[in-house]
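Novice: Data file run22.cif (mmCIF, N, CA and C atoms) is appended below.
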```
data_query
#
loop_
_atom_site.label_atom_id
_atom_site.label_comp_id
_atom_site.auth_asym_id
_atom_site.auth_seq_id
_atom_site.Cartn_x
_atom_site.Cartn_y
_atom_site.Cartn_z
N MET A 22 130.93 66.50 14.74
CA MET A 22 130.04 65.49 15.25
C MET A 22 129.82 65.76 16.74
N THR A 23 128.57 65.79 17.12
CA THR A 23 128.26 66.09 18.52
C THR A 23 128.43 64.83 19.38
N LEU A 24 128.41 65.05 20.66
CA LEU A 24 128.56 63.95 21.62
C LEU A 24 127.40 62.96 21.51
N SER A 25 126.20 63.46 21.32
CA SER A 25 125.04 62.56 21.21
C SER A 25 125.09 61.73 19.92
N GLN A 26 125.62 62.31 18.86
CA GLN A 26 125.76 61.56 17.61
C GLN A 26 126.79 60.43 17.78
N ARG A 27 127.91 60.74 18.44
CA ARG A 27 128.93 59.71 18.69
C ARG A 27 128.37 58.61 19.58
N HIS A 28 127.58 59.00 20.56
CA HIS A 28 126.97 58.02 21.45
C HIS A 28 126.03 57.10 20.67
N ALA A 29 125.22 57.68 19.79
CA ALA A 29 124.29 56.89 18.98
C ALA A 29 125.04 55.94 18.04
N ILE A 30 126.11 56.42 17.44
CA ILE A 30 126.92 55.57 16.56
C ILE A 30 127.53 54.42 17.35
N GLY A 31 128.00 54.71 18.56
CA GLY A 31 128.58 53.67 19.42
C GLY A 31 127.57 52.59 19.75
N ILE A 32 126.34 52.99 20.03
CA ILE A 32 125.28 52.02 20.33
C ILE A 32 124.99 51.16 19.11
N VAL A 33 124.89 51.79 17.94
CA VAL A 33 124.61 51.05 16.71
C VAL A 33 125.73 50.05 16.42
N VAL A 34 126.98 50.46 16.60
CA VAL A 34 128.12 49.57 16.36
C VAL A 34 128.06 48.37 17.32
N ARG A 35 127.73 48.61 18.58
CA ARG A 35 127.63 47.51 19.55
C ARG A 35 126.51 46.54 19.18
N VAL A 36 125.37 47.08 18.80
CA VAL A 36 124.24 46.23 18.42
C VAL A 36 124.58 45.39 17.19
N VAL A 37 125.19 46.00 16.20
CA VAL A 37 125.59 45.26 15.00
C VAL A 37 126.61 44.19 15.35
N GLY A 38 127.56 44.52 16.21
CA GLY A 38 128.57 43.54 16.64
C GLY A 38 127.94 42.36 17.36
N LEU A 39 126.99 42.63 18.25
CA LEU A 39 126.30 41.55 18.95
C LEU A 39 125.47 40.69 17.99
N ALA A 40 124.84 41.33 17.02
CA ALA A 40 124.05 40.59 16.03
C ALA A 40 124.96 39.68 15.20
N LEU A 41 126.13 40.18 14.81
CA LEU A 41 127.07 39.35 14.06
C LEU A 41 127.58 38.18 14.89
N LEU A 42 127.84 38.42 16.16
CA LEU A 42 128.28 37.35 17.06
C LEU A 42 127.19 36.29 17.21
N ALA A 43 125.96 36.72 17.39
CA ALA A 43 124.85 35.78 17.51
C ALA A 43 124.68 34.97 16.23
N ALA A 44 124.81 35.61 15.08
CA ALA A 44 124.70 34.91 13.80
C ALA A 44 125.81 33.87 13.65
N ALA A 45 127.02 34.22 14.06
CA ALA A 45 128.14 33.28 13.98
C ALA A 45 127.90 32.07 14.89
N LEU A 46 127.39 32.31 16.09
CA LEU A 46 127.10 31.21 17.01
C LEU A 46 126.00 30.31 16.47
N LEU A 47 124.98 30.89 15.89
CA LEU A 47 123.90 30.09 15.29
C LEU A 47 124.41 29.27 14.11
N ALA A 48 125.31 29.85 13.32
CA ALA A 48 125.89 29.12 12.19
C ALA A 48 126.73 27.94 12.68
N LEU A 49 127.49 28.14 13.75
CA LEU A 49 128.28 27.05 14.32
C LEU A 49 127.38 25.95 14.88
N GLU A 50 126.31 26.34 15.54
CA GLU A 50 125.36 25.36 16.08
C GLU A 50 124.72 24.55 14.95
N TRP A 51 124.33 25.22 13.88
CA TRP A 51 123.74 24.54 12.74
C TRP A 51 124.75 23.57 12.12
N ALA A 52 125.99 24.01 11.95
CA ALA A 52 127.03 23.15 11.37
C ALA A 52 127.27 21.93 12.25
N TRP A 53 127.31 22.13 13.57
CA TRP A 53 127.53 21.02 14.49
C TRP A 53 126.38 20.02 14.42
N ARG A 54 125.15 20.52 14.43
CA ARG A 54 123.99 19.63 14.38
C ARG A 54 123.94 18.87 13.05
N SER A 55 124.28 19.53 11.96
CA SER A 55 124.31 18.86 10.65
C SER A 55 125.35 17.75 10.65
N HIS A 56 126.52 18.04 11.20
CA HIS A 56 127.59 17.04 11.28
C HIS A 56 127.15 15.85 12.14
N ALA A 57 126.57 16.14 13.30
CA ALA A 57 126.12 15.08 14.20
C ALA A 57 125.02 14.24 13.55
N TRP A 58 124.10 14.88 12.83
CA TRP A 58 123.01 14.16 12.16
C TRP A 58 123.58 13.27 11.05
N ASN A 59 124.54 13.79 10.27
CA ASN A 59 125.14 12.99 9.21
C ASN A 59 125.89 11.78 9.77
N ASP A 60 126.56 11.97 10.90
CA ASP A 60 127.23 10.84 11.56
C ASP A 60 126.21 9.78 11.98
N LEU A 61 125.08 10.24 12.47
CA LEU A 61 124.03 9.31 12.90
C LEU A 61 123.43 8.57 11.70
N LYS A 62 123.17 9.29 10.62
CA LYS A 62 122.61 8.67 9.42
C LYS A 62 123.57 7.65 8.81
N ALA A 63 124.86 7.78 9.08
CA ALA A 63 125.85 6.87 8.51
C ALA A 63 125.70 5.44 9.04
N VAL A 64 125.07 5.26 10.19
CA VAL A 64 124.91 3.91 10.75
C VAL A 64 123.59 3.26 10.32
N ASP A 65 122.77 3.98 9.56
CA ASP A 65 121.51 3.41 9.08
C ASP A 65 121.81 2.20 8.20
N GLY A 66 121.15 1.08 8.51
CA GLY A 66 121.35 -0.13 7.73
C GLY A 66 122.54 -0.97 8.18
N ARG A 67 123.14 -0.59 9.29
CA ARG A 67 124.30 -1.33 9.82
C ARG A 67 123.98 -1.87 11.20
N CYS A 68 124.82 -2.76 11.69
CA CYS A 68 124.66 -3.28 13.04
C CYS A 68 125.51 -2.47 14.00
N VAL A 69 124.95 -2.18 15.17
CA VAL A 69 125.62 -1.35 16.16
C VAL A 69 125.57 -2.05 17.52
N LEU A 70 126.42 -1.58 18.40
CA LEU A 70 126.46 -2.09 19.76
C LEU A 70 126.12 -0.93 20.69
N VAL A 71 124.85 -0.84 21.10
CA VAL A 71 124.38 0.27 21.93
C VAL A 71 123.51 -0.26 23.06
N GLY A 72 123.37 0.56 24.09
CA GLY A 72 122.49 0.23 25.20
C GLY A 72 121.13 0.84 25.00
N ALA A 73 120.50 1.25 26.11
CA ALA A 73 119.17 1.86 26.05
C ALA A 73 119.23 3.26 25.47
N ARG A 74 120.38 3.93 25.63
CA ARG A 74 120.58 5.25 25.01
C ARG A 74 122.07 5.48 24.87
N VAL A 75 122.43 6.45 24.03
CA VAL A 75 123.83 6.79 23.78
C VAL A 75 124.04 8.22 24.25
N ASP A 76 124.97 8.42 25.20
CA ASP A 76 125.17 9.76 25.76
C ASP A 76 126.36 10.52 25.19
N ASP A 77 127.26 9.87 24.49
CA ASP A 77 128.44 10.57 24.01
C ASP A 77 128.46 10.78 22.50
N GLY A 78 127.38 10.43 21.83
CA GLY A 78 127.29 10.63 20.39
C GLY A 78 127.99 9.57 19.57
N ARG A 79 128.73 8.68 20.20
CA ARG A 79 129.46 7.65 19.46
C ARG A 79 128.61 6.39 19.37
N VAL A 80 128.40 5.94 18.16
CA VAL A 80 127.61 4.73 17.92
C VAL A 80 128.53 3.73 17.23
N PRO A 81 129.10 2.79 17.99
CA PRO A 81 130.05 1.85 17.38
C PRO A 81 129.35 0.83 16.48
N THR A 82 129.85 0.70 15.26
CA THR A 82 129.32 -0.31 14.35
C THR A 82 130.10 -1.61 14.55
N VAL A 83 129.39 -2.71 14.45
CA VAL A 83 129.98 -4.03 14.64
C VAL A 83 129.39 -4.98 13.60
N GLY A 84 129.95 -6.16 13.53
CA GLY A 84 129.38 -7.18 12.67
C GLY A 84 128.05 -7.66 13.24
N CYS A 85 127.11 -7.99 12.39
CA CYS A 85 125.78 -8.40 12.85
C CYS A 85 125.80 -9.71 13.63
N GLN A 86 126.84 -10.51 13.46
CA GLN A 86 126.94 -11.77 14.18
C GLN A 86 127.48 -11.58 15.59
N GLU A 87 127.96 -10.40 15.92
CA GLU A 87 128.54 -10.14 17.24
C GLU A 87 127.46 -10.17 18.33
N ASP A 88 127.87 -10.65 19.50
CA ASP A 88 126.96 -10.74 20.65
C ASP A 88 126.45 -9.36 21.06
N GLY A 89 125.16 -9.17 21.15
CA GLY A 89 124.57 -7.90 21.57
C GLY A 89 124.36 -6.91 20.45
N ALA A 90 124.73 -7.28 19.23
CA ALA A 90 124.57 -6.37 18.09
C ALA A 90 123.08 -6.16 17.79
N ARG A 91 122.76 -4.94 17.36
CA ARG A 91 121.40 -4.62 16.95
C ARG A 91 121.44 -3.93 15.59
N TYR A 92 120.48 -4.25 14.75
CA TYR A 92 120.42 -3.72 13.39
C TYR A 92 119.66 -2.40 13.39
N VAL A 93 120.25 -1.36 12.78
CA VAL A 93 119.60 -0.05 12.69
C VAL A 93 118.70 -0.05 11.45
N LYS A 94 117.42 -0.06 11.69
CA LYS A 94 116.44 -0.08 10.60
C LYS A 94 116.13 1.33 10.10
N ASP A 95 116.25 2.31 11.01
CA ASP A 95 115.93 3.69 10.64
C ASP A 95 116.57 4.65 11.63
N VAL A 96 116.76 5.89 11.20
CA VAL A 96 117.25 6.96 12.06
C VAL A 96 116.21 8.07 12.01
N VAL A 97 115.76 8.52 13.19
CA VAL A 97 114.69 9.52 13.24
C VAL A 97 115.13 10.73 14.07
N LYS A 98 114.44 11.82 13.88
CA LYS A 98 114.69 13.04 14.66
C LYS A 98 114.30 12.81 16.12
N PRO A 99 114.81 13.63 17.05
CA PRO A 99 114.53 13.41 18.48
C PRO A 99 113.05 13.38 18.84
N SER A 100 112.23 14.13 18.13
CA SER A 100 110.81 14.20 18.46
C SER A 100 109.97 13.11 17.79
N SER A 101 110.59 12.33 16.91
CA SER A 101 109.86 11.30 16.16
C SER A 101 109.85 9.97 16.89
N GLN A 102 108.89 9.15 16.54
CA GLN A 102 108.78 7.80 17.10
C GLN A 102 109.23 6.78 16.06
N CYS A 103 109.63 5.62 16.54
CA CYS A 103 110.01 4.52 15.65
C CYS A 103 108.77 3.74 15.23
N PRO A 104 108.83 3.11 14.06
CA PRO A 104 107.72 2.25 13.66
C PRO A 104 107.52 1.11 14.66
N GLU A 105 106.33 0.57 14.67
CA GLU A 105 106.00 -0.50 15.61
C GLU A 105 106.93 -1.70 15.41
N GLY A 106 107.35 -2.28 16.51
CA GLY A 106 108.23 -3.44 16.47
C GLY A 106 109.70 -3.11 16.57
N LEU A 107 110.04 -1.82 16.50
CA LEU A 107 111.43 -1.40 16.62
C LEU A 107 111.65 -0.71 17.95
N THR A 108 112.84 -0.86 18.50
CA THR A 108 113.20 -0.22 19.76
C THR A 108 113.87 1.11 19.47
N ARG A 109 113.47 2.14 20.20
CA ARG A 109 114.03 3.48 20.03
C ARG A 109 115.21 3.67 20.98
N VAL A 110 116.37 4.06 20.42
CA VAL A 110 117.57 4.34 21.20
C VAL A 110 117.94 5.80 20.96
N SER A 111 117.75 6.66 21.97
CA SER A 111 118.06 8.08 21.83
C SER A 111 119.57 8.28 21.81
N VAL A 112 120.01 9.20 20.95
CA VAL A 112 121.43 9.51 20.84
C VAL A 112 121.63 10.97 21.24
N ARG A 113 122.47 11.16 22.25
CA ARG A 113 122.75 12.48 22.80
C ARG A 113 124.22 12.78 22.58
N HIS A 114 124.53 14.04 22.38
CA HIS A 114 125.92 14.47 22.21
C HIS A 114 126.27 15.42 23.34
N GLU A 115 127.36 15.17 24.03
CA GLU A 115 127.73 15.95 25.21
C GLU A 115 128.09 17.40 24.93
N LEU A 116 128.42 17.74 23.70
CA LEU A 116 128.87 19.09 23.40
C LEU A 116 127.74 20.10 23.27
N SER A 117 126.52 19.64 23.23
CA SER A 117 125.42 20.57 23.02
C SER A 117 125.09 21.35 24.28
N HIS A 118 124.63 22.57 24.08
CA HIS A 118 124.27 23.44 25.21
C HIS A 118 122.84 23.17 25.70
N ASP A 119 122.06 22.48 24.89
CA ASP A 119 120.68 22.19 25.30
C ASP A 119 120.58 20.72 25.71
N THR A 120 119.49 20.07 25.41
CA THR A 120 119.35 18.67 25.81
C THR A 120 120.36 17.78 25.12
N GLY A 121 120.83 18.19 23.95
CA GLY A 121 121.87 17.45 23.27
C GLY A 121 121.40 16.29 22.42
N TYR A 122 120.10 16.00 22.41
CA TYR A 122 119.63 14.87 21.62
C TYR A 122 119.62 15.23 20.14
N VAL A 123 120.39 14.48 19.34
CA VAL A 123 120.50 14.77 17.92
C VAL A 123 119.61 13.87 17.09
N GLY A 124 119.14 12.79 17.67
CA GLY A 124 118.29 11.87 16.94
C GLY A 124 118.10 10.58 17.72
N ALA A 125 117.52 9.61 17.04
CA ALA A 125 117.30 8.31 17.67
C ALA A 125 117.46 7.22 16.62
N LEU A 126 117.94 6.08 17.08
CA LEU A 126 118.07 4.92 16.22
C LEU A 126 116.86 4.02 16.45
N CYS A 127 116.31 3.50 15.39
CA CYS A 127 115.24 2.51 15.49
C CYS A 127 115.90 1.17 15.20
N VAL A 128 116.04 0.34 16.24
CA VAL A 128 116.83 -0.88 16.10
C VAL A 128 115.98 -2.13 16.35
N ARG A 129 116.50 -3.23 15.86
CA ARG A 129 115.91 -4.55 16.11
C ARG A 129 117.06 -5.53 16.19
N ASN A 130 116.78 -6.71 16.70
CA ASN A 130 117.81 -7.75 16.72
C ASN A 130 118.04 -8.23 15.29
N PRO A 131 119.31 -8.49 14.94
CA PRO A 131 119.60 -8.89 13.54
C PRO A 131 119.07 -10.28 13.22
#
```
Here is the file; what I need is its structure written in the form of structure tokens.

Specialist:
Amino acid sequence: MTLSQRHAIGIVVRVVGLALLAAALLALEWAWRSHAWNDLKAVDGRCVLVGARVDDGRVPTVGCQEDGARYVKDVVKPSSQCPEGLTRVSVRHELSHDTGYVGALCVRNP
């Protein structure tokens, strides 16, 4: 095997390694986003205690009779709008490398 052949094989191995690393990172990102979305969907139809937006991804559920509780009528993707009459509460997760917004709650007073 000549030196140029070894060099070419080394380049191919590095490129394949980087591609595998990128694929693994994308798979982890997809798994994290799916998990965060499922957590968000779990509060649909329940009462929550949230402000104008949620920055840590945690949406505490409470009894609807509790002071300040709001009823989650729908959960939408970050780019979607809530139906008329509902207030949009963006939910962000601190672990994300980008804007971190995983979705939004469409809430109303119970």

Novice: As a PyMOL selection string, list the residues of chain A assigned to strand (DSSP E or B) by DSSP on the backbone atoms of this structure.

Specialist: chain A and resi 68-69+74-75+82+91-97+108-113+122-129

Novice: Taking the chain letters and numbering used in this document, name the residues of stretch 34-130 of chain A that DSSP puts in alpha helix (DSSP H), as number ranges by chain.

Specialist: A: 34-62

Novice: Hey, can you check how far atom CA of A:Gln86 sits from atom N of A:Arg67?

Specialist: 12.8 Å

Novice: Atom CA of A:Pro99 to atom CA of A:Leu42: how many Å, to one decimal?

Specialist: 27.6 Å

Novice: Suppose a student applies the PyMOL selection byres (((chain A and resi 102-114 and name CA) around 12) and name CA) to this structure; what residues should they get, written as an MDAnalysis selection string?

Specialist: chainID A and resid 53:54 56:58 60:62 69:80 91:101 115:131

Novice: What does the distance between atom N of A:Thr82 and atom N of A:Val64 come to in Å, to one decimal place?

Specialist: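 Computing it gives 8.3 Å between the two atoms.
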